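The next block holds one structure in the form of structure tokens; read it before the comments.
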Amino acid sequence: MGIIRKTLSVSTIGLISFRSKKERLERAERAQREAEESLEREHVARIAAERHAKHPKKKRPKRRERKQQRTSEALAVAVERGRRAGRRARKAAKRAATSEAVTVAVERSRKAGRRARKAAEVAARKSVDEAKATTTSVKEAAAPKVESLATRASDAIEQLSHTSEQP
């Protein structure tokens, strides 16, 4: 499931997130469910311990004390696990939201960069085409004038050379 996303994540070195929003959400919900179940177990254990404390048995007080000790230790462990699971779930949800925001920002900046590059290429092509057209028009406009100046100059040189030969 999601093999394309996984492949893209590996090939882009993490730019595309490994897990989809749906997968991250399922993981966070599972962690939350586990934390709630742990809290429920803790609650049940606490109620049992309180009931046991209210109605102690008269026989074997040492055994009862050891059992209460184990129950309270198990309760403390369950409470701590519940806290850890809740923290992990909150951290996972926060990481998922942050990585998604970063991914979106990176993708937006990529698109903006592509658009800017394309716009610059189009503008450069237009500038080159305009420069070619301008050069051609200047060349065509200047050609007759340059030819007339060249003929006038050659006429003037001829006239000067004829006048210097006559006297």
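Identifiers in this document derive from the order of the structure tokens: chains are assigned A, B, ..., residues are numbered from 1 separately in each chain, and ligands are numbered from 1 in order of occurrence.
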
* Using DSSP on the backbone, list every residue of stretch 4-60 of chain A that comes out as alpha helix (DSSP H), and give them as a VMD selection string. => chain A and resid 4 to 11 21 to 54

Per residue of stretch 77-116 of chain A within 6 Å of stretch 27-44 of chain A, which atom pair is closest and at what distance in Å (one decimal), using only C-alpha atoms, listed by chain and increasing number, as JSON lines?
```
{"residue": "A:Ala78", "atom": "CA", "partner": "A:Glu42", "partner_atom": "CA", "distance": 5.9}
{"residue": "A:Gly82", "atom": "CA", "partner": "A:Ala35", "partner_atom": "CA", "distance": 5.0}
{"residue": "A:Ala85", "atom": "CA", "partner": "A:Ala35", "partner_atom": "CA", "distance": 5.4}
{"residue": "A:Gly86", "atom": "CA", "partner": "A:Ala35", "partner_atom": "CA", "distance": 5.8}
{"residue": "A:Ala89", "atom": "CA", "partner": "A:Ala28", "partner_atom": "CA", "distance": 5.4}
```

Deliver the residues from the most recent selection as a file, using all heavy atoms, as a PDB file, in the first residue's frame.
```
ATOM      1  N   ALA A  78       1.630   1.219  34.932  1.00  0.00           N
ATOM      2  CA  ALA A  78       0.576   1.486  33.946  1.00  0.00           C
ATOM      3  C   ALA A  78       0.378   2.981  33.753  1.00  0.00           C
ATOM      4  O   ALA A  78       0.201   3.459  32.624  1.00  0.00           O
ATOM      5  CB  ALA A  78      -0.728   0.831  34.389  1.00  0.00           C
ATOM      6  N   GLY A  82       1.031   4.938  30.280  1.00  0.00           N
ATOM      7  CA  GLY A  82      -0.031   5.767  29.709  1.00  0.00           C
ATOM      8  C   GLY A  82       0.469   7.169  29.404  1.00  0.00           C
ATOM      9  O   GLY A  82       0.192   7.733  28.350  1.00  0.00           O
ATOM     10  N   ALA A  85       2.790   6.934  26.384  1.00  0.00           N
ATOM     11  CA  ALA A  85       2.032   6.716  25.144  1.00  0.00           C
ATOM     12  C   ALA A  85       1.338   8.008  24.715  1.00  0.00           C
ATOM     13  O   ALA A  85       1.315   8.347  23.532  1.00  0.00           O
ATOM     14  CB  ALA A  85       1.008   5.596  25.332  1.00  0.00           C
ATOM     15  N   GLY A  86       0.779   8.726  25.668  1.00  0.00           N
ATOM     16  CA  GLY A  86       0.135  10.008  25.346  1.00  0.00           C
ATOM     17  C   GLY A  86       1.136  11.009  24.790  1.00  0.00           C
ATOM     18  O   GLY A  86       0.859  11.704  23.809  1.00  0.00           O
ATOM     19  N   ALA A  89       2.076   9.980  21.288  1.00  0.00           N
ATOM     20  CA  ALA A  89       0.995  10.288  20.344  1.00  0.00           C
ATOM     21  C   ALA A  89       0.981  11.783  20.021  1.00  0.00           C
ATOM     22  O   ALA A  89       0.839  12.179  18.853  1.00  0.00           O
ATOM     23  CB  ALA A  89      -0.350   9.861  20.922  1.00  0.00           C
TER      24      ALA A  89
END
```

* Which is closer to A:His52 than all the others in A:Arg64, A:Thr98, A:Ile157, A:Arg84, using only C-alpha atoms? ->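 Among the listed residues, A:Arg64 lies closest to A:His52.
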
* Excluding A:Ala96 and any residue of its chain fewer than 6 positions from it, enumerate the residues within 9 Å of it, using only C-alpha atoms, and give them as a list in words. => Lys21, Arg24 and Leu25 of chain A

* Looking at A:Glu107, A:Asp155, A:Glu130, A:Glu100, which one is nearest to A:Lys22, with distances taken over only C-alpha atoms? ->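 Result for the nearest residue to A:Lys22: A:Glu100.
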
* Could you pull the residues within 12 Å of A:Ala53, counting only C-alpha atoms, minus those fewer than 6 positions along the same chain, as an MDAnalysis selection string? -> chainID A and resid 46:47 61 64:65 67:69 71:72

Those residues you just picked out, can you put them in a file as a PDB file, in the first residue's frame with all heavy atoms?
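Result file follows (selection_10.pdb):
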```pdb
ATOM      1  N   ARG A  46      -6.972   0.658  39.971  1.00  0.00           N
ATOM      2  CA  ARG A  46      -7.091   1.557  41.123  1.00  0.00           C
ATOM      3  C   ARG A  46      -8.364   1.257  41.906  1.00  0.00           C
ATOM      4  O   ARG A  46      -8.351   1.193  43.138  1.00  0.00           O
ATOM      5  CB  ARG A  46      -7.090   3.007  40.645  1.00  0.00           C
ATOM      6  CG  ARG A  46      -7.206   3.992  41.804  1.00  0.00           C
ATOM      7  CD  ARG A  46      -7.032   5.388  41.354  1.00  0.00           C
ATOM      8  NE  ARG A  46      -5.627   5.527  40.962  1.00  0.00           N
ATOM      9  CZ  ARG A  46      -5.110   6.620  40.448  1.00  0.00           C
ATOM     10  NH1 ARG A  46      -5.855   7.654  40.229  1.00  0.00           N
ATOM     11  NH2 ARG A  46      -3.846   6.672  40.136  1.00  0.00           N
ATOM     12  N   ILE A  47      -9.472   1.070  41.170  1.00  0.00           N
ATOM     13  CA  ILE A  47     -10.738   0.747  41.842  1.00  0.00           C
ATOM     14  C   ILE A  47     -10.599  -0.564  42.615  1.00  0.00           C
ATOM     15  O   ILE A  47     -11.040  -0.680  43.769  1.00  0.00           O
ATOM     16  CB  ILE A  47     -11.895   0.675  40.822  1.00  0.00           C
ATOM     17  CG1 ILE A  47     -12.214   2.078  40.319  1.00  0.00           C
ATOM     18  CG2 ILE A  47     -13.130   0.034  41.431  1.00  0.00           C
ATOM     19  CD1 ILE A  47     -13.207   2.108  39.187  1.00  0.00           C
ATOM     20  N   PRO A  61      -2.003 -11.593  56.499  1.00  0.00           N
ATOM     21  CA  PRO A  61      -1.772 -10.177  56.230  1.00  0.00           C
ATOM     22  C   PRO A  61      -0.499  -9.930  55.403  1.00  0.00           C
ATOM     23  O   PRO A  61      -0.461  -9.023  54.583  1.00  0.00           O
ATOM     24  CB  PRO A  61      -1.662  -9.543  57.616  1.00  0.00           C
ATOM     25  CG  PRO A  61      -1.387 -10.660  58.548  1.00  0.00           C
ATOM     26  CD  PRO A  61      -1.936 -11.900  57.914  1.00  0.00           C
ATOM     27  N   ARG A  64      -1.291 -10.468  51.749  1.00  0.00           N
ATOM     28  CA  ARG A  64      -2.131  -9.378  51.276  1.00  0.00           C
ATOM     29  C   ARG A  64      -1.286  -8.122  51.033  1.00  0.00           C
ATOM     30  O   ARG A  64      -1.432  -7.439  50.037  1.00  0.00           O
ATOM     31  CB  ARG A  64      -3.232  -9.082  52.297  1.00  0.00           C
ATOM     32  CG  ARG A  64      -4.201  -8.040  51.801  1.00  0.00           C
ATOM     33  CD  ARG A  64      -5.350  -7.745  52.759  1.00  0.00           C
ATOM     34  NE  ARG A  64      -5.562  -8.666  53.846  1.00  0.00           N
ATOM     35  CZ  ARG A  64      -5.367  -8.372  55.135  1.00  0.00           C
ATOM     36  NH1 ARG A  64      -4.964  -7.180  55.481  1.00  0.00           N
ATOM     37  NH2 ARG A  64      -5.574  -9.268  56.075  1.00  0.00           N
ATOM     38  N   GLU A  65      -0.384  -7.850  51.952  1.00  0.00           N
ATOM     39  CA  GLU A  65       0.488  -6.683  51.805  1.00  0.00           C
ATOM     40  C   GLU A  65       1.361  -6.802  50.557  1.00  0.00           C
ATOM     41  O   GLU A  65       1.549  -5.836  49.822  1.00  0.00           O
ATOM     42  CB  GLU A  65       1.360  -6.514  53.056  1.00  0.00           C
ATOM     43  CG  GLU A  65       0.600  -6.026  54.262  1.00  0.00           C
ATOM     44  CD  GLU A  65       1.467  -6.002  55.499  1.00  0.00           C
ATOM     45  OE1 GLU A  65       2.694  -6.212  55.394  1.00  0.00           O
ATOM     46  OE2 GLU A  65       0.917  -5.772  56.586  1.00  0.00           O
ATOM     47  N   LYS A  67       0.667  -8.541  47.892  1.00  0.00           N
ATOM     48  CA  LYS A  67      -0.206  -8.391  46.721  1.00  0.00           C
ATOM     49  C   LYS A  67      -0.559  -6.925  46.499  1.00  0.00           C
ATOM     50  O   LYS A  67      -0.551  -6.434  45.350  1.00  0.00           O
ATOM     51  CB  LYS A  67      -1.478  -9.212  46.911  1.00  0.00           C
ATOM     52  CG  LYS A  67      -2.314  -9.294  45.669  1.00  0.00           C
ATOM     53  CD  LYS A  67      -3.463 -10.251  45.850  1.00  0.00           C
ATOM     54  CE  LYS A  67      -4.258 -10.361  44.580  1.00  0.00           C
ATOM     55  NZ  LYS A  67      -5.381 -11.283  44.722  1.00  0.00           N
ATOM     56  N   GLN A  68      -0.843  -6.193  47.571  1.00  0.00           N
ATOM     57  CA  GLN A  68      -1.130  -4.767  47.434  1.00  0.00           C
ATOM     58  C   GLN A  68       0.087  -4.014  46.890  1.00  0.00           C
ATOM     59  O   GLN A  68      -0.034  -3.111  46.078  1.00  0.00           O
ATOM     60  CB  GLN A  68      -1.552  -4.178  48.776  1.00  0.00           C
ATOM     61  CG  GLN A  68      -2.957  -4.542  49.187  1.00  0.00           C
ATOM     62  CD  GLN A  68      -3.306  -3.989  50.552  1.00  0.00           C
ATOM     63  OE1 GLN A  68      -2.439  -3.515  51.280  1.00  0.00           O
ATOM     64  NE2 GLN A  68      -4.583  -4.077  50.895  1.00  0.00           N
ATOM     65  N   GLN A  69       1.244  -4.413  47.363  1.00  0.00           N
ATOM     66  CA  GLN A  69       2.480  -3.789  46.888  1.00  0.00           C
ATOM     67  C   GLN A  69       2.644  -4.021  45.385  1.00  0.00           C
ATOM     68  O   GLN A  69       2.940  -3.091  44.628  1.00  0.00           O
ATOM     69  CB  GLN A  69       3.686  -4.360  47.652  1.00  0.00           C
ATOM     70  CG  GLN A  69       5.016  -3.783  47.252  1.00  0.00           C
ATOM     71  CD  GLN A  69       5.147  -2.340  47.669  1.00  0.00           C
ATOM     72  OE1 GLN A  69       4.519  -1.892  48.616  1.00  0.00           O
ATOM     73  NE2 GLN A  69       5.956  -1.587  46.931  1.00  0.00           N
ATOM     74  N   THR A  71       0.286  -4.732  43.241  1.00  0.00           N
ATOM     75  CA  THR A  71      -0.784  -4.008  42.554  1.00  0.00           C
ATOM     76  C   THR A  71      -0.435  -2.527  42.420  1.00  0.00           C
ATOM     77  O   THR A  71      -0.615  -1.929  41.354  1.00  0.00           O
ATOM     78  CB  THR A  71      -2.117  -4.167  43.312  1.00  0.00           C
ATOM     79  OG1 THR A  71      -2.391  -5.544  43.490  1.00  0.00           O
ATOM     80  CG2 THR A  71      -3.256  -3.515  42.563  1.00  0.00           C
ATOM     81  N   SER A  72       0.064  -1.932  43.490  1.00  0.00           N
ATOM     82  CA  SER A  72       0.413  -0.504  43.425  1.00  0.00           C
ATOM     83  C   SER A  72       1.591  -0.267  42.471  1.00  0.00           C
ATOM     84  O   SER A  72       1.622   0.730  41.743  1.00  0.00           O
ATOM     85  CB  SER A  72       0.713   0.047  44.820  1.00  0.00           C
ATOM     86  OG  SER A  72       1.841  -0.593  45.365  1.00  0.00           O
TER      87      SER A  72
END
```
